[in-house]
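Step one of this worksheet: look at the structure below.
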Protein chains: 2
Amino acid sequence: MDKILMGPQTLIYPMPVLLVGANVYDKPNFMAVAWSGIANGAPPMISVAIRHNRYTHKGIRQNLTFSVNVPSTDMVRETDYCGITHGSKANKVEVCRFKVFYGKLDNAPLIEQCPINLECKVVHILDLGSHSLIVGRIEETHISGSCLTDGKPDANKIKPLTYTTSPADQYLALGEVVAKAFSIGKELKKRG
Amino acid sequence: MDKILMGPQTLIYPMPVLLVGANVYDKPNFMAVAWSGIANGAPPMISVAIRHNRYTHKGIRQNLTFSVNVPSTDMVRETDYCGITHGSKANKVEVCRFKVFYGKLDNAPLIEQCPINLECKVVHILDLGSHSLIVGRIEETHISGSCLTDGKPDANKIKPLTYTTSPADQYLALGEVVAKAFSIGKELKKRG
């Protein structure tokens, strides 16, 4: 068998890149997050894992709300900047020229330039070690009208980023369609 | 502002596709999961959201262990099959011709054909509504030797799948490199 042991590893496969937002001392701040997850279907929930010392973490604890903004490939510079800069040391909104707006929740800052924005209310915070796993109920979803096709979100217009650490720390675009889901697997049903 | 309200939504951006495994009544079973997440850095943890009625869910509760297997694009048929078939009604391992092996944990089944395999011990189960959010500590990582470049995992050899619901339910390959992470954002530091 061709297997090598690597010890416990995270981020060994590519993850979506998100900008998580919170008001910290009443001012909007955003950080880049690759450590997220979908947590529940009904009601819809999302999870984000954030280091205790992050500025955004402080804001999420202050308000018990946060936002999840999906940047597109043309925002890769701003996204990376939000990942390598501490919110206490720079006004990221100003540097990135983000247009911030608010939706249903009045303290979860949203980025107009991001094609998708989720407003979330915290329902659980698990302290797991280096990070808190923050689970939020999605209260509202905003999508840029220009990213819809026939009224439905279109990934080809949203152009989200994925992050991989291997072979190098890189942001990738979405690739080609490999197959139709809930469909190609039916070919194996004959075998069963 | 060009924004449309869509109500609370999950899966509005593409997610990695994983095969989550568990022994159910001592027999290996696998399901396709797009609702996963990275939950913690140190110690490394991962989360998976699984419907209560799934067969794999039963196995995870029986053993308090599970596996996460990363399928490559050439396993898209098997992966989709594991998503559309209930483990109580078919022997998925047999149909998919998976070679199952065990690592450090003796009851978290791993798929040899998948380039990456994580062995996990359950540390939390949160019942969030339709799904349980299961948080597992990664105990060991296995990678196929053929997917390494200079001893490091190489996404170009692993060829993972992402799943999107929009514009249609599809599996996608990884795309082109957009930019170097922890690097391109520095260009904005001058502005700060």
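Following the order of the structure tokens, first chain is A, next is B, and so on, with residues numbered from 1 inside each chain and ligands from 1 in the order they appear.
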Within 6 Å of chain A, which residues of chain B come that close, and what is the closest atom pair and distance in Å for each? Count only C-alpha atoms and give it as a tab-separated table.
```
residue	atom	partner	partner_atom	distance
B:Asp2	CA	A:Ser144	CA	5.4
B:Lys3	CA	A:Ser144	CA	4.4
B:Ile4	CA	A:Ile143	CA	5.2
B:Leu5	CA	A:His142	CA	4.7
B:Met6	CA	A:Thr141	CA	5.3
B:Gly7	CA	A:Glu140	CA	4.8
B:Pro8	CA	A:Glu140	CA	4.6
B:Thr10	CA	A:Pro44	CA	5.9
B:Trp35	CA	A:Ile38	CA	4.8
B:Ser36	CA	A:Gly37	CA	5.2
B:Gly37	CA	A:Gly37	CA	3.6
B:Ile38	CA	A:Trp35	CA	4.8
B:Ala39	CA	A:Ala49	CA	5.3
B:Asn40	CA	A:His131	CA	5.3
B:Gly41	CA	A:Ser130	CA	5.9
B:Ala42	CA	A:Ser130	CA	5.3
B:Pro44	CA	A:Thr10	CA	5.9
B:Ala49	CA	A:Ala39	CA	5.3
B:Arg77	CA	A:Gly185	CA	4.6
B:Asp80	CA	A:Gly185	CA	4.6
B:Tyr81	CA	A:Gly185	CA	4.0
B:Val95	CA	A:Gly192	CA	5.4
B:Gly129	CA	A:Ala42	CA	6.0
B:Ser130	CA	A:Ala42	CA	5.3
B:His131	CA	A:Asn40	CA	5.3
B:Leu133	CA	A:Ala39	CA	5.8
B:Ile138	CA	A:Pro8	CA	5.3
B:Glu139	CA	A:Pro8	CA	5.4
B:Glu140	CA	A:Pro8	CA	4.6
B:Thr141	CA	A:Gly7	CA	5.3
B:His142	CA	A:Leu5	CA	4.7
B:Ile143	CA	A:Ile4	CA	5.3
B:Ser144	CA	A:Lys3	CA	4.4
B:Gly145	CA	A:Asp2	CA	5.4
B:Pro153	CA	A:Ser166	CA	5.7
B:Asp154	CA	A:Pro167	CA	4.6
B:Ala155	CA	A:Ser166	CA	5.8
B:Ser166	CA	A:Asp154	CA	5.1
B:Pro167	CA	A:Asp154	CA	4.6
B:Asp169	CA	A:Ala181	CA	5.2
B:Gln170	CA	A:Lys180	CA	4.5
B:Tyr171	CA	A:Ala179	CA	5.4
B:Leu172	CA	A:Val177	CA	4.4
B:Ala173	CA	A:Gly175	CA	4.6
B:Leu174	CA	A:Gly175	CA	4.5
B:Gly175	CA	A:Gly175	CA	3.6
B:Glu176	CA	A:Ala173	CA	5.4
B:Val177	CA	A:Leu172	CA	4.4
B:Val178	CA	A:Leu172	CA	5.2
B:Ala179	CA	A:Tyr171	CA	5.4
B:Lys180	CA	A:Gln170	CA	4.5
B:Ala181	CA	A:Gln170	CA	4.8
B:Ile184	CA	A:Arg77	CA	5.5
B:Gly185	CA	A:Tyr81	CA	4.0
B:Arg191	CA	A:Val95	CA	5.9
B:Gly192	CA	A:Val95	CA	5.5
```
### Task
Can you check which residues of chain B DSSP gives as helix (DSSP H, G or I) on the backbone and send them as a VMD selection string?
chain B and resid 55 to 63 73 to 84 92 to 96 145 to 147 155 to 158 184 to 188
### Task
Select, from A:Arg61, A:His86, A:Lys27, A:His52, the residue with the minimum atom-to-atom distance to Lys121 in chain A, counting only C-alpha atoms.
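Once distances to Lys121 in chain A are computed over only C-alpha atoms, the minimum belongs to A:Arg61.
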### Message
What's the separation between CA of Ile125 in chain A and CA of Asn69 in chain B, in Å to one decimal place?
### Response
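Straight-line distance from CA of Ile125 in chain A to CA of Asn69 in chain B works out to 26.9 Å.
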### Query
Got a sec to tell me which of chain B DSSP assigns to strand (DSSP E or B), as a ChimeraX atom specification?
/B:3-5,15-16,18-24,27-33,36-40,45-51,65-70,72,100-101,110-111,116-127,131-144,148-149,152-153,160,162-164,170-180
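Across the structure, CA of Tyr55 in chain B and CA of Val24 in chain B are spaced 7.3 Å apart.
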